[in-house]
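query_18.csv follows (CSV, C-alpha atoms):
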```
chain,number,residue,atom,x,y,z
A,1,MET,CA,22.3,17.1,-2.2
A,2,GLU,CA,21.3,16.3,-5.8
A,3,PHE,CA,18.0,14.5,-6.3
A,4,LYS,CA,17.0,12.8,-9.5
A,5,PHE,CA,13.8,14.6,-10.4
A,6,GLN,CA,11.6,12.9,-13.0
A,7,ASP,CA,9.8,15.5,-15.1
A,8,GLY,CA,10.7,17.9,-12.3
A,9,LEU,CA,9.1,15.8,-9.5
A,10,ILE,CA,10.2,13.3,-6.9
A,11,PRO,CA,7.8,11.1,-5.0
A,12,ALA,CA,7.7,11.5,-1.2
A,13,VAL,CA,6.3,8.8,1.1
A,14,ILE,CA,4.9,10.2,4.3
A,15,GLN,CA,5.1,7.9,7.4
A,16,ASP,CA,3.6,8.6,10.8
A,17,ARG,CA,6.5,8.9,13.1
A,18,LYS,CA,4.8,7.4,16.1
A,19,SER,CA,2.7,4.5,14.7
A,20,GLY,CA,4.9,3.8,11.6
A,21,LYS,CA,1.8,3.8,9.4
A,22,VAL,CA,2.3,5.0,5.8
A,23,LEU,CA,-0.1,7.9,5.5
A,24,MET,CA,0.2,9.0,1.9
A,25,LEU,CA,2.4,9.5,-1.1
A,26,GLY,CA,2.8,12.9,-2.8
A,27,TYR,CA,5.1,14.6,-5.2
A,28,MET,CA,7.5,17.4,-4.7
A,29,ASN,CA,9.3,19.7,-7.1
A,30,GLU,CA,12.4,21.6,-6.0
A,31,ASP,CA,10.4,24.5,-4.6
A,32,ALA,CA,8.1,22.2,-2.6
A,33,TYR,CA,11.1,20.4,-1.2
A,34,LYS,CA,12.8,23.7,-0.2
A,35,GLN,CA,9.6,25.0,1.4
A,36,THR,CA,9.1,21.6,3.3
A,37,MET,CA,12.7,21.9,4.6
A,38,THR,CA,12.5,25.5,5.6
A,39,SER,CA,8.9,25.6,7.0
A,40,GLY,CA,8.9,22.3,8.7
A,41,PHE,CA,5.5,21.4,7.1
A,42,VAL,CA,5.2,18.9,4.3
A,43,THR,CA,4.5,20.7,1.1
A,44,PHE,CA,3.8,19.0,-2.2
A,45,PHE,CA,3.5,20.1,-5.8
A,46,SER,CA,-0.1,19.2,-7.0
A,47,ARG,CA,0.1,17.7,-10.4
A,48,SER,CA,-3.5,18.4,-11.2
A,49,ARG,CA,-3.6,21.9,-9.9
A,50,GLN,CA,0.0,22.7,-11.0
A,51,LYS,CA,0.9,24.6,-7.8
A,52,LEU,CA,2.5,24.2,-4.4
A,53,TRP,CA,0.2,22.7,-1.8
A,54,THR,CA,0.9,22.5,1.9
A,55,LYS,CA,-0.9,19.5,3.2
A,56,GLY,CA,-3.5,20.6,5.7
A,57,GLU,CA,-3.9,24.2,4.3
A,58,THR,CA,-7.6,23.6,4.1
A,59,SER,CA,-8.3,21.0,6.8
A,60,GLY,CA,-5.6,22.1,9.3
A,61,HIS,CA,-4.4,18.5,9.2
A,62,ARG,CA,-0.8,19.5,8.7
A,63,LEU,CA,2.2,17.2,8.6
A,64,LEU,CA,5.0,18.4,10.8
A,65,VAL,CA,8.4,17.1,9.5
A,66,LYS,CA,10.5,15.2,11.9
A,67,GLU,CA,13.0,13.5,9.5
A,68,ILE,CA,13.6,13.4,5.8
A,69,ARG,CA,15.4,10.5,4.1
A,70,VAL,CA,16.4,9.9,0.5
A,71,ASP,CA,16.9,6.5,-1.1
A,72,CYS,CA,19.9,4.8,-2.7
A,73,ASP,CA,19.1,6.1,-6.2
A,74,SER,CA,18.3,9.6,-4.9
A,75,ASP,CA,14.9,9.4,-6.7
A,76,ALA,CA,12.5,8.9,-3.7
A,77,LEU,CA,12.0,10.6,-0.3
A,78,LEU,CA,10.7,9.1,2.9
A,79,ILE,CA,9.5,11.7,5.5
A,80,GLN,CA,8.7,10.9,9.1
A,81,ALA,CA,6.0,13.3,10.3
A,82,ASP,CA,3.6,14.1,13.0
A,83,LEU,CA,0.0,14.5,11.8
A,84,ALA,CA,-1.9,17.4,13.3
A,85,GLY,CA,-5.4,16.1,13.2
A,86,PRO,CA,-7.5,12.9,13.1
A,87,GLY,CA,-6.7,11.8,9.6
A,88,CYS,CA,-4.4,12.4,6.7
A,89,CYS,CA,-6.8,11.4,3.9
A,90,HIS,CA,-9.3,13.8,2.4
A,91,LEU,CA,-11.9,11.0,2.6
A,92,GLY,CA,-11.7,11.0,6.4
A,93,TYR,CA,-9.3,8.1,7.0
A,94,LYS,CA,-6.1,8.1,9.0
A,95,SER,CA,-4.1,6.9,5.9
A,96,CYS,CA,-4.9,7.3,2.2
A,97,PHE,CA,-4.1,3.6,1.9
A,98,PHE,CA,-7.4,2.4,3.4
A,99,ARG,CA,-8.3,-0.1,0.7
A,100,LYS,CA,-6.9,-3.6,0.5
A,101,LEU,CA,-6.7,-5.3,-2.9
A,102,THR,CA,-7.5,-9.0,-3.4
A,103,PRO,CA,-7.8,-11.1,-6.5
A,104,ASP,CA,-11.6,-10.6,-6.2
A,105,GLY,CA,-11.7,-6.8,-5.7
A,106,GLU,CA,-11.1,-4.3,-2.9
A,107,GLU,CA,-12.0,-4.0,0.7
A,108,ILE,CA,-12.0,-1.0,3.1
A,109,ILE,CA,-9.9,-1.9,6.1
A,110,LEU,CA,-9.8,1.3,8.1
A,111,ALA,CA,-12.6,3.2,9.9
A,112,ARG,CA,-13.4,6.8,9.2
A,113,GLU,CA,-11.8,9.2,11.6
A,114,PHE,CA,-13.7,12.3,10.6
A,115,ASP,CA,-16.5,13.5,8.3
A,116,PRO,CA,-14.8,15.1,5.3
A,117,SER,CA,-17.8,17.3,4.4
A,118,LYS,CA,-17.5,19.0,7.8
A,119,VAL,CA,-13.8,19.5,7.4
A,120,TYR,CA,-13.5,20.5,3.7
A,121,GLY,CA,-17.1,21.8,3.1
A,122,ASP,CA,-17.3,23.0,-0.5
A,123,THR,CA,-13.7,24.1,-0.7
A,124,GLU,CA,-11.3,22.6,-3.1
A,125,GLN,CA,-10.3,19.2,-1.7
A,126,GLU,CA,-6.8,18.1,-1.0
A,127,SER,CA,-6.9,14.9,-2.9
A,128,GLN,CA,-5.0,16.0,-6.0
A,129,THR,CA,-1.5,14.7,-5.4
B,130,MET,CA,-9.9,-2.5,-10.0
B,131,GLU,CA,-8.8,0.4,-12.1
B,132,PHE,CA,-5.5,2.1,-11.3
B,133,LYS,CA,-4.4,5.4,-12.6
B,134,PHE,CA,-1.1,4.6,-14.3
B,135,GLN,CA,1.1,7.5,-15.1
B,136,ASP,CA,3.0,6.8,-18.3
B,137,GLY,CA,2.0,3.2,-17.8
B,138,LEU,CA,3.5,3.1,-14.3
B,139,ILE,CA,2.3,3.3,-10.7
B,140,PRO,CA,4.6,3.7,-7.7
B,141,ALA,CA,4.6,1.0,-5.1
B,142,VAL,CA,5.9,1.6,-1.5
B,143,ILE,CA,7.2,-1.6,0.1
B,144,GLN,CA,6.9,-1.8,3.9
B,145,ASP,CA,8.3,-4.5,6.0
B,146,ARG,CA,5.3,-6.2,7.6
B,147,LYS,CA,6.9,-7.0,10.9
B,148,SER,CA,9.0,-3.9,11.7
B,149,GLY,CA,6.9,-1.4,9.8
B,150,LYS,CA,10.1,0.0,8.2
B,151,VAL,CA,9.7,1.4,4.7
B,152,LEU,CA,12.1,-0.7,2.6
B,153,MET,CA,12.0,0.8,-0.9
B,154,LEU,CA,9.9,2.4,-3.6
B,155,GLY,CA,9.6,0.9,-7.0
B,156,TYR,CA,7.3,1.2,-10.1
B,157,MET,CA,4.9,-1.3,-11.6
B,158,ASN,CA,3.3,-1.5,-14.9
B,159,GLU,CA,0.2,-3.6,-15.4
B,160,ASP,CA,2.1,-6.8,-16.1
B,161,ALA,CA,4.3,-6.3,-13.1
B,162,TYR,CA,1.3,-5.8,-10.9
B,163,LYS,CA,-0.4,-8.9,-12.3
B,164,GLN,CA,2.8,-11.0,-11.8
B,165,THR,CA,3.1,-9.7,-8.2
B,166,MET,CA,-0.5,-10.6,-7.5
B,167,THR,CA,-0.2,-14.1,-9.0
B,168,SER,CA,3.3,-15.1,-8.0
B,169,GLY,CA,3.2,-13.6,-4.5
B,170,PHE,CA,6.6,-12.0,-5.0
B,171,VAL,CA,7.1,-8.2,-5.5
B,172,THR,CA,7.8,-7.6,-9.2
B,173,PHE,CA,8.6,-4.2,-10.6
B,174,PHE,CA,9.1,-2.7,-14.0
B,175,SER,CA,12.6,-1.3,-14.2
B,176,ARG,CA,12.5,2.1,-15.9
B,177,SER,CA,16.2,2.0,-16.8
B,178,ARG,CA,16.2,-1.5,-18.1
B,179,GLN,CA,12.7,-1.4,-19.5
B,180,LYS,CA,11.7,-4.9,-18.4
B,181,LEU,CA,10.0,-6.7,-15.6
B,182,TRP,CA,12.2,-7.2,-12.5
B,183,THR,CA,11.4,-9.5,-9.6
B,184,LYS,CA,13.1,-8.0,-6.6
B,185,GLY,CA,15.7,-10.5,-5.4
B,186,GLU,CA,16.1,-12.4,-8.7
B,187,THR,CA,19.9,-11.9,-8.4
B,188,SER,CA,20.4,-11.6,-4.6
B,189,GLY,CA,17.7,-14.0,-3.5
B,190,HIS,CA,16.4,-11.2,-1.2
B,191,ARG,CA,12.8,-11.6,-2.4
B,192,LEU,CA,9.8,-9.7,-1.1
B,193,LEU,CA,7.0,-12.0,-0.2
B,194,VAL,CA,3.7,-10.2,-0.6
B,195,LYS,CA,1.4,-10.2,2.5
B,196,GLU,CA,-1.0,-7.4,1.6
B,197,ILE,CA,-1.5,-4.9,-1.2
B,198,ARG,CA,-3.3,-1.6,-0.6
B,199,VAL,CA,-4.2,1.2,-3.0
B,200,ASP,CA,-4.6,4.9,-2.1
B,201,CYS,CA,-7.7,7.2,-2.3
B,202,ASP,CA,-6.7,8.4,-5.7
B,203,SER,CA,-5.9,4.9,-7.0
B,204,ASP,CA,-2.5,6.2,-8.1
B,205,ALA,CA,-0.1,4.6,-5.5
B,206,LEU,CA,0.3,1.2,-4.0
B,207,LEU,CA,1.4,0.2,-0.5
B,208,ILE,CA,2.6,-3.4,-0.2
B,209,GLN,CA,3.2,-5.1,3.1
B,210,ALA,CA,5.9,-7.8,2.6
B,211,ASP,CA,8.3,-10.2,4.3
B,212,LEU,CA,11.9,-9.7,3.2
B,213,ALA,CA,13.8,-13.0,2.5
B,214,GLY,CA,17.3,-11.9,3.3
B,215,PRO,CA,19.3,-9.5,5.4
B,216,GLY,CA,18.6,-6.3,3.5
B,217,CYS,CA,16.5,-4.9,0.7
B,218,CYS,CA,18.9,-2.3,-0.7
B,219,HIS,CA,21.5,-3.3,-3.3
B,220,LEU,CA,24.1,-1.3,-1.3
B,221,GLY,CA,23.7,-3.7,1.6
B,222,TYR,CA,21.3,-1.9,3.9
B,223,LYS,CA,18.0,-3.1,5.3
B,224,SER,CA,16.2,-0.2,3.6
B,225,CYS,CA,17.0,1.9,0.6
B,226,PHE,CA,16.2,4.9,2.7
B,227,PHE,CA,19.4,4.8,4.7
B,228,ARG,CA,20.4,8.5,4.3
B,229,LYS,CA,19.0,11.3,6.4
B,230,LEU,CA,18.9,14.8,4.9
B,231,THR,CA,19.7,17.9,6.9
B,232,PRO,CA,20.0,21.5,5.9
B,233,ASP,CA,23.8,20.9,5.9
B,234,GLY,CA,23.9,17.7,3.9
B,235,GLU,CA,23.3,14.0,4.4
B,236,GLU,CA,24.1,11.4,7.0
B,237,ILE,CA,24.0,7.6,6.8
B,238,ILE,CA,21.8,6.4,9.7
B,239,LEU,CA,21.7,2.6,9.1
B,240,ALA,CA,24.4,0.0,9.4
B,241,ARG,CA,25.3,-2.3,6.5
B,242,GLU,CA,23.7,-5.7,6.8
B,243,PHE,CA,25.6,-7.5,4.1
B,244,ASP,CA,28.5,-6.9,1.6
B,245,PRO,CA,27.0,-6.2,-1.7
B,246,SER,CA,30.0,-7.4,-3.7
B,247,LYS,CA,29.6,-10.8,-2.2
B,248,VAL,CA,25.9,-10.9,-3.0
B,249,TYR,CA,25.8,-9.3,-6.4
B,250,GLY,CA,29.3,-9.9,-7.6
B,251,ASP,CA,29.7,-8.7,-11.2
B,252,THR,CA,26.1,-9.2,-12.1
B,253,GLU,CA,23.8,-6.5,-13.1
B,254,GLN,CA,22.7,-4.8,-9.9
B,255,GLU,CA,19.2,-4.4,-8.7
B,256,SER,CA,19.2,-0.7,-8.1
B,257,GLN,CA,17.5,0.5,-11.2
B,258,THR,CA,14.0,1.1,-10.0
```
Could you quickly redo this structure as structure tokens?
Amino acid sequence: MEFKFQDGLIPAVIQDRKSGKVLMLGYMNEDAYKQTMTSGFVTFFSRSRQKLWTKGETSGHRLLVKEIRVDCDSDALLIQADLAGPGCCHLGYKSCFFRKLTPDGEEIILAREFDPSKVYGDTEQESQT
Amino acid sequence: MEFKFQDGLIPAVIQDRKSGKVLMLGYMNEDAYKQTMTSGFVTFFSRSRQKLWTKGETSGHRLLVKEIRVDCDSDALLIQADLAGPGCCHLGYKSCFFRKLTPDGEEIILAREFDPSKVYGDTEQESQT
């Protein structure tokens, strides 16, 4: 299987297997993809930290891989996963997509599932996709 | 609303509003986003053709925008849309994510919804996200 990496990265959309909600979008390099496939836990390459990053390594909110798909152009991945924990977003929401955009601005449309300061404390947060 | 564009682009995940299926991932520049917001039809910036591209301009399989969300880092969009037509993918499938990856290779897991040669003919295809 040959992917088309762009600058060494491919975007991966994470979808909650049970609810169908899109939880987040991250980027994988070849090593992150291999580690995801072999470990069974979603692992990204953090562009800001320039290193592999297994989602949930701080919070425990890991993403257990159930299925990996690739698109027609082989330049995007869609991963069905089970989320271990109350929320995927480092700000305490189920999904990182918790803001709706309108011509007038933005609106928060999800409720917080957990208090991020209790989960992440002073540790490096997991936001840097 | 300020997005974090990367090289002028932001990825946009398109999700079918009714079924929850993820249909495709494309990229928008600022003009594509504005046109999407004002026209109500998903419009991308084609990286290979280097121009705006309203999904469905050839096939008629347009994506009617129902909701636009942005993620916590403001560097990815999630768009809920209604698909006008039998399939979103230029290869005839409902979703561009029609191949499942396994350690042994890939497997097609969706059925074709239409014959692409009848829809696209000899025209430039809509694959170039």
Select, from A:Leu52, A:Gln6, A:Ala76, A:Gly85, the residue with the minimum atom-to-atom distance to B:Gly155, counting only C-alpha atoms.
->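 Among A:Leu52, A:Gln6, A:Ala76, A:Gly85, it is A:Ala76 that comes nearest to B:Gly155.
Residue nearest B:Phe132, chosen from B:Lys147, B:Lys184, B:Arg198, B:Arg178 and counting all atoms listed in the file: B:Arg198.
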For A:Gln15, list every protein, DNA or RNA residue within 7 Å, evaluated using only C-alpha atoms, and leave out those in the same chain fewer than 3 positions away; present the list as a list in words.
->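 Everything that qualifies: Gly20, Lys21, Val22, Leu23, Ile79, Gln80 and Ala81 of chain A.
Non-sequential neighbours of A:Leu110 (distance at most 9 Å, separation of 4 or more positions within a chain, all atoms listed in the file) are Tyr93, Lys94, Ser95, Phe97, Phe98 and Arg99 of chain A.
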RMSD after least-squares fit, chain A onto chain B [all C-alpha atoms, in order] = 0.1 Å
Distance-based interface of chain A with chain B, 9 Å, counting all atoms listed in the file, as a PyMOL selection string = chain A and resi 1+11+13+15+19-22+24-25+37-38+67-73+75-78+89-91+95-103+105-106+127-129
Between atom CA of B:Thr165 and atom CA of A:Cys88, measure the distance and give it in Å to one decimal.
->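 Spanning atom CA of B:Thr165 to atom CA of A:Cys88 is a straight-line distance of 27.7 Å.
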Gap from atom CA of A:Thr54 to atom CA of A:Tyr33 - Å, one decimal | 10.9 Å
Using all atoms listed in the file, find the one residue out of B:Asp145, B:Glu186, B:Glu131, B:Asp211 that sits nearest to B:Thr172.
-> B:Glu186
Leaving out B:Ile139 and any residue of its chain fewer than 4 positions from it, which residues lie within 6 Å of it when counting only C-alpha atoms, given as JSON, numbers by chain?
-> {"B": [134, 156, 157, 205]}
One-decimal distance in Å that lies between atom CA of A:Gly60 and atom CA of A:Leu9 = 24.7 Å
With only C-alpha atoms counted, which protein, DNA or RNA residues have an atom no more than 7 Å from (2.0, 17.8, 9.9) in the file frame? Please answer as JSON, numbers by chain.
-> {"A": [41, 42, 61, 62, 63, 64, 65, 81, 82, 83, 84]}
